[in-house]
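*Asks:* For reference, the structure I am asking about is given below.
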Amino acid sequence: MELSNQVQTEKKTNSIPNKGFKLKEFLFLITKSKSVLIGGIFILIVVICAIFAPIISTHDPYEMNMSDRLLTPMEDGHILGTDQYGRDLFTRIIYGARVSLEVGLVSVVLAMIIGVTLGLISGYYGGWIDTVIMRIVDIFLSFPVLLLAIALVAALGPGIENVILALGFVYWTNYARIVRANVLAIKEEEYIQAAKTIGSNDFRIIFYNILPNCLAPIVVVATLGLGTAIVSEATLSFLGLGIQPPESSWGWTLAFGMKFIREAPHLSIYPGLAIMFTVLGFNLLGDGIRDLTDSKLKRN
């Protein structure tokens, strides 16, 4: 008898509607958005360069040749010229895409895990738990984000792992606030009340019924956050707190190029363009996804 009741309860729980956006419909709408397509093309180019860097690159990214230092673009077989140590700039930028994407993706995932988890807990349980979490968010938001990241990296030491930790630790507040706001509205829906009535536990309600309905804003924030994380990594590297030589980094290359801005402006121009187009791609993609998932814009 008890087994029969458990089976019936499980069937009722599974029958509770899940209002998360449909993947097929979402992918179809993406193909209709010029912003998403253009941004996706930019990002796809960067991803291809990062994955196939050993195949695409024409030289060893670490090989120095002082006799070829500061060559101009297309001179002596160097597509974008060379840097102050005679290393091929095109190759350095291609390999720098790997660093930027790695830092961006991992730091965003870290920030997402922290922020989404705390946002779900805060919005669902409310009360003193909500108050404590939101006050912590307010404390973090009271500091300039980049200044806080610089302080953390300075304390932890330069390096790719510490940059990822610092960026993930300072950008989680965006996810927490947005997820909390969505949870406060979703938890009052009838299907959530029905789930509670038939005895679903909090874990199942939060992660099966509520979280899927928060995915759209999370995806938008994550996409825009990738561009922000890449700029932040470049800024930290530019200041000497990020990726360290001889690893290739757009920010580090840009910083050293500033010393030769008069005699070799290409050292700063091309890394700057790489950062600009990558961030532009993520911003266009994020804006397009936001427009597609905004119900008011869809009705209009």
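Ordering of the structure tokens sets the chain letters (A, B, ...), residue numbers begin anew at 1 in every chain, and ligands are numbered from 1 in the order given.
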Using only C-alpha atoms, what does the table of segment 153-176 of chain A residues within 8 Å of segment 224-242 of chain A look like, with each row giving the shortest atom pair and its distance in Å to one decimal, sorted by chain and ascending number, as JSON lines?

*Replies:*
{"residue": "A:Val153", "atom": "CA", "partner": "A:Leu241", "partner_atom": "CA", "distance": 6.6}
{"residue": "A:Ala154", "atom": "CA", "partner": "A:Leu241", "partner_atom": "CA", "distance": 6.8}
{"residue": "A:Gly157", "atom": "CA", "partner": "A:Leu241", "partner_atom": "CA", "distance": 7.4}
{"residue": "A:Pro158", "atom": "CA", "partner": "A:Leu241", "partner_atom": "CA", "distance": 4.9}
{"residue": "A:Gly159", "atom": "CA", "partner": "A:Gly242", "partner_atom": "CA", "distance": 5.6}
{"residue": "A:Ile160", "atom": "CA", "partner": "A:Gly242", "partner_atom": "CA", "distance": 6.5}
{"residue": "A:Val163", "atom": "CA", "partner": "A:Gly242", "partner_atom": "CA", "distance": 6.1}
{"residue": "A:Leu167", "atom": "CA", "partner": "A:Ala229", "partner_atom": "CA", "distance": 6.9}

*Asks:* Do you have, as a Markdown table, the list of residues of segment 159-203 of chain A lying at most 12 Å from segment 210-216 of chain A, each with its nearest atom pair and that distance in Å to one decimal, counting only C-alpha atoms and ordered by chain then number?

*Replies:*
| residue | atom | partner | partner_atom | distance |
| --- | --- | --- | --- | --- |
| A:Tyr175 | CA | A:Cys214 | CA | 10.3 |
| A:Ala176 | CA | A:Cys214 | CA | 11.3 |
| A:Arg177 | CA | A:Cys214 | CA | 11.8 |
| A:Ile178 | CA | A:Cys214 | CA | 8.7 |
| A:Val179 | CA | A:Cys214 | CA | 6.4 |
| A:Arg180 | CA | A:Cys214 | CA | 9.4 |
| A:Ala181 | CA | A:Cys214 | CA | 9.6 |
| A:Asn182 | CA | A:Cys214 | CA | 6.4 |
| A:Val183 | CA | A:Ile210 | CA | 6.8 |
| A:Leu184 | CA | A:Ile210 | CA | 10.0 |
| A:Ala185 | CA | A:Ile210 | CA | 10.0 |
| A:Ile186 | CA | A:Ile210 | CA | 6.6 |
| A:Lys187 | CA | A:Ile210 | CA | 7.2 |
| A:Glu188 | CA | A:Ile210 | CA | 10.5 |
| A:Glu189 | CA | A:Ile210 | CA | 9.9 |
| A:Tyr191 | CA | A:Ile210 | CA | 10.0 |
| A:Ile192 | CA | A:Ile210 | CA | 8.0 |
| A:Gln193 | CA | A:Ile210 | CA | 11.6 |
| A:Ala195 | CA | A:Ile210 | CA | 10.9 |
| A:Asp202 | CA | A:Ile210 | CA | 10.3 |
| A:Phe203 | CA | A:Ile210 | CA | 10.0 |

*Asks:* For N, CA, C and O atoms, I'd like the residues from the last selection saved as a PDB file, in the first residue's frame.

*Replies:*
ATOM      1  N   TYR A 175      24.298  37.232 -10.757  1.00  0.00           N
ATOM      2  CA  TYR A 175      23.460  36.037 -10.852  1.00  0.00           C
ATOM      3  C   TYR A 175      22.557  35.903  -9.630  1.00  0.00           C
ATOM      4  O   TYR A 175      21.381  35.542  -9.759  1.00  0.00           O
ATOM      5  N   ALA A 176      23.090  36.192  -8.465  1.00  0.00           N
ATOM      6  CA  ALA A 176      22.306  36.064  -7.238  1.00  0.00           C
ATOM      7  C   ALA A 176      21.096  36.992  -7.241  1.00  0.00           C
ATOM      8  O   ALA A 176      19.973  36.583  -6.900  1.00  0.00           O
ATOM      9  N   ARG A 177      21.272  38.223  -7.646  1.00  0.00           N
ATOM     10  CA  ARG A 177      20.178  39.186  -7.645  1.00  0.00           C
ATOM     11  C   ARG A 177      19.111  38.835  -8.672  1.00  0.00           C
ATOM     12  O   ARG A 177      17.905  38.892  -8.381  1.00  0.00           O
ATOM     13  N   ILE A 178      19.531  38.471  -9.875  1.00  0.00           N
ATOM     14  CA  ILE A 178      18.566  38.168 -10.933  1.00  0.00           C
ATOM     15  C   ILE A 178      17.805  36.883 -10.631  1.00  0.00           C
ATOM     16  O   ILE A 178      16.582  36.822 -10.802  1.00  0.00           O
ATOM     17  N   VAL A 179      18.504  35.859 -10.173  1.00  0.00           N
ATOM     18  CA  VAL A 179      17.836  34.600  -9.845  1.00  0.00           C
ATOM     19  C   VAL A 179      16.879  34.789  -8.679  1.00  0.00           C
ATOM     20  O   VAL A 179      15.750  34.278  -8.701  1.00  0.00           O
ATOM     21  N   ARG A 180      17.287  35.520  -7.666  1.00  0.00           N
ATOM     22  CA  ARG A 180      16.396  35.773  -6.524  1.00  0.00           C
ATOM     23  C   ARG A 180      15.111  36.462  -6.969  1.00  0.00           C
ATOM     24  O   ARG A 180      14.012  36.088  -6.545  1.00  0.00           O
ATOM     25  N   ALA A 181      15.237  37.467  -7.823  1.00  0.00           N
ATOM     26  CA  ALA A 181      14.047  38.192  -8.282  1.00  0.00           C
ATOM     27  C   ALA A 181      13.099  37.265  -9.036  1.00  0.00           C
ATOM     28  O   ALA A 181      11.871  37.348  -8.881  1.00  0.00           O
ATOM     29  N   ASN A 182      13.639  36.364  -9.842  1.00  0.00           N
ATOM     30  CA  ASN A 182      12.795  35.422 -10.575  1.00  0.00           C
ATOM     31  C   ASN A 182      12.151  34.398  -9.653  1.00  0.00           C
ATOM     32  O   ASN A 182      10.984  34.035  -9.835  1.00  0.00           O
ATOM     33  N   VAL A 183      12.914  33.935  -8.666  1.00  0.00           N
ATOM     34  CA  VAL A 183      12.386  32.944  -7.736  1.00  0.00           C
ATOM     35  C   VAL A 183      11.233  33.522  -6.923  1.00  0.00           C
ATOM     36  O   VAL A 183      10.230  32.835  -6.676  1.00  0.00           O
ATOM     37  N   LEU A 184      11.346  34.773  -6.505  1.00  0.00           N
ATOM     38  CA  LEU A 184      10.279  35.397  -5.725  1.00  0.00           C
ATOM     39  C   LEU A 184       8.957  35.395  -6.483  1.00  0.00           C
ATOM     40  O   LEU A 184       7.888  35.258  -5.876  1.00  0.00           O
ATOM     41  N   ALA A 185       9.016  35.549  -7.800  1.00  0.00           N
ATOM     42  CA  ALA A 185       7.784  35.531  -8.607  1.00  0.00           C
ATOM     43  C   ALA A 185       7.332  34.102  -8.900  1.00  0.00           C
ATOM     44  O   ALA A 185       6.139  33.794  -8.822  1.00  0.00           O
ATOM     45  N   ILE A 186       8.289  33.223  -9.214  1.00  0.00           N
ATOM     46  CA  ILE A 186       7.935  31.866  -9.620  1.00  0.00           C
ATOM     47  C   ILE A 186       7.363  31.049  -8.472  1.00  0.00           C
ATOM     48  O   ILE A 186       6.436  30.251  -8.671  1.00  0.00           O
ATOM     49  N   LYS A 187       7.879  31.232  -7.266  1.00  0.00           N
ATOM     50  CA  LYS A 187       7.446  30.384  -6.161  1.00  0.00           C
ATOM     51  C   LYS A 187       5.996  30.626  -5.750  1.00  0.00           C
ATOM     52  O   LYS A 187       5.422  29.837  -4.990  1.00  0.00           O
ATOM     53  N   GLU A 188       5.380  31.700  -6.253  1.00  0.00           N
ATOM     54  CA  GLU A 188       3.972  31.973  -5.970  1.00  0.00           C
ATOM     55  C   GLU A 188       3.044  31.375  -7.024  1.00  0.00           C
ATOM     56  O   GLU A 188       1.831  31.469  -6.904  1.00  0.00           O
ATOM     57  N   GLU A 189       3.612  30.766  -8.065  1.00  0.00           N
ATOM     58  CA  GLU A 189       2.795  30.157  -9.113  1.00  0.00           C
ATOM     59  C   GLU A 189       2.040  28.946  -8.567  1.00  0.00           C
ATOM     60  O   GLU A 189       2.464  28.296  -7.605  1.00  0.00           O
ATOM     61  N   TYR A 191       1.568  25.958  -9.844  1.00  0.00           N
ATOM     62  CA  TYR A 191       2.206  24.648  -9.962  1.00  0.00           C
ATOM     63  C   TYR A 191       3.245  24.429  -8.870  1.00  0.00           C
ATOM     64  O   TYR A 191       3.539  23.286  -8.504  1.00  0.00           O
ATOM     65  N   ILE A 192       3.829  25.511  -8.348  1.00  0.00           N
ATOM     66  CA  ILE A 192       4.747  25.365  -7.215  1.00  0.00           C
ATOM     67  C   ILE A 192       3.970  25.001  -5.956  1.00  0.00           C
ATOM     68  O   ILE A 192       4.388  24.140  -5.165  1.00  0.00           O
ATOM     69  N   GLN A 193       2.829  25.648  -5.765  1.00  0.00           N
ATOM     70  CA  GLN A 193       1.979  25.313  -4.621  1.00  0.00           C
ATOM     71  C   GLN A 193       1.484  23.873  -4.723  1.00  0.00           C
ATOM     72  O   GLN A 193       1.370  23.168  -3.717  1.00  0.00           O
ATOM     73  N   ALA A 195       3.084  21.410  -6.157  1.00  0.00           N
ATOM     74  CA  ALA A 195       4.220  20.545  -5.826  1.00  0.00           C
ATOM     75  C   ALA A 195       4.381  20.417  -4.316  1.00  0.00           C
ATOM     76  O   ALA A 195       4.680  19.339  -3.803  1.00  0.00           O
ATOM     77  N   ASP A 202      11.976  20.330  -0.827  1.00  0.00           N
ATOM     78  CA  ASP A 202      12.477  21.631  -1.286  1.00  0.00           C
ATOM     79  C   ASP A 202      13.505  21.487  -2.399  1.00  0.00           C
ATOM     80  O   ASP A 202      13.520  22.283  -3.345  1.00  0.00           O
ATOM     81  N   PHE A 203      14.364  20.483  -2.283  1.00  0.00           N
ATOM     82  CA  PHE A 203      15.412  20.298  -3.291  1.00  0.00           C
ATOM     83  C   PHE A 203      14.790  20.057  -4.669  1.00  0.00           C
ATOM     84  O   PHE A 203      15.224  20.642  -5.666  1.00  0.00           O
TER      85      PHE A 203
END

*Asks:* Pick out each residue of segment 38-206 of chain A that DSSP on the backbone tags as strand (DSSP E or B); I need them as JSON, numbers by chain.

*Replies:* {"A": [75, 78, 82, 88]}

*Asks:* Would you mind exporting the chosen residues as a PDB file, in the first residue's frame, restricted to C-alpha atoms?

*Replies:*
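Okay, result.pdb is ready:
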ATOM      1  CA  GLU A  75      57.182  41.613 -43.655  1.00  0.00           C
ATOM      2  CA  HIS A  78      54.968  37.534 -40.565  1.00  0.00           C
ATOM      3  CA  THR A  82      56.632  40.723 -34.782  1.00  0.00           C
ATOM      4  CA  ASP A  88      55.299  36.326 -34.510  1.00  0.00           C
TER       5      ASP A  88
END

*Asks:* Go through A:Gly286, A:Tyr124, A:Ala111, A:Glu247 and flag the residue nearest Asn209 of chain A, using only C-alpha atoms for the distances.

*Replies:*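 Between A:Gly286, A:Tyr124, A:Ala111, A:Glu247, the residue approaching Asn209 of chain A most closely is A:Tyr124.
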
*Asks:* So how many Å separate atom CA of Leu254 of chain A and atom CA of Pro271 of chain A, to one decimal?

*Replies:*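 Atom-to-atom, atom CA of Leu254 of chain A to atom CA of Pro271 of chain A, that is 5.9 Å.
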
*Asks:* Could you state the separation of atom CA of Ala166 of chain A and atom CA of Leu148 of chain A in Å, given to one decimal place?

*Replies:*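 Separation between atom CA of Ala166 of chain A and atom CA of Leu148 of chain A: 8.3 Å.
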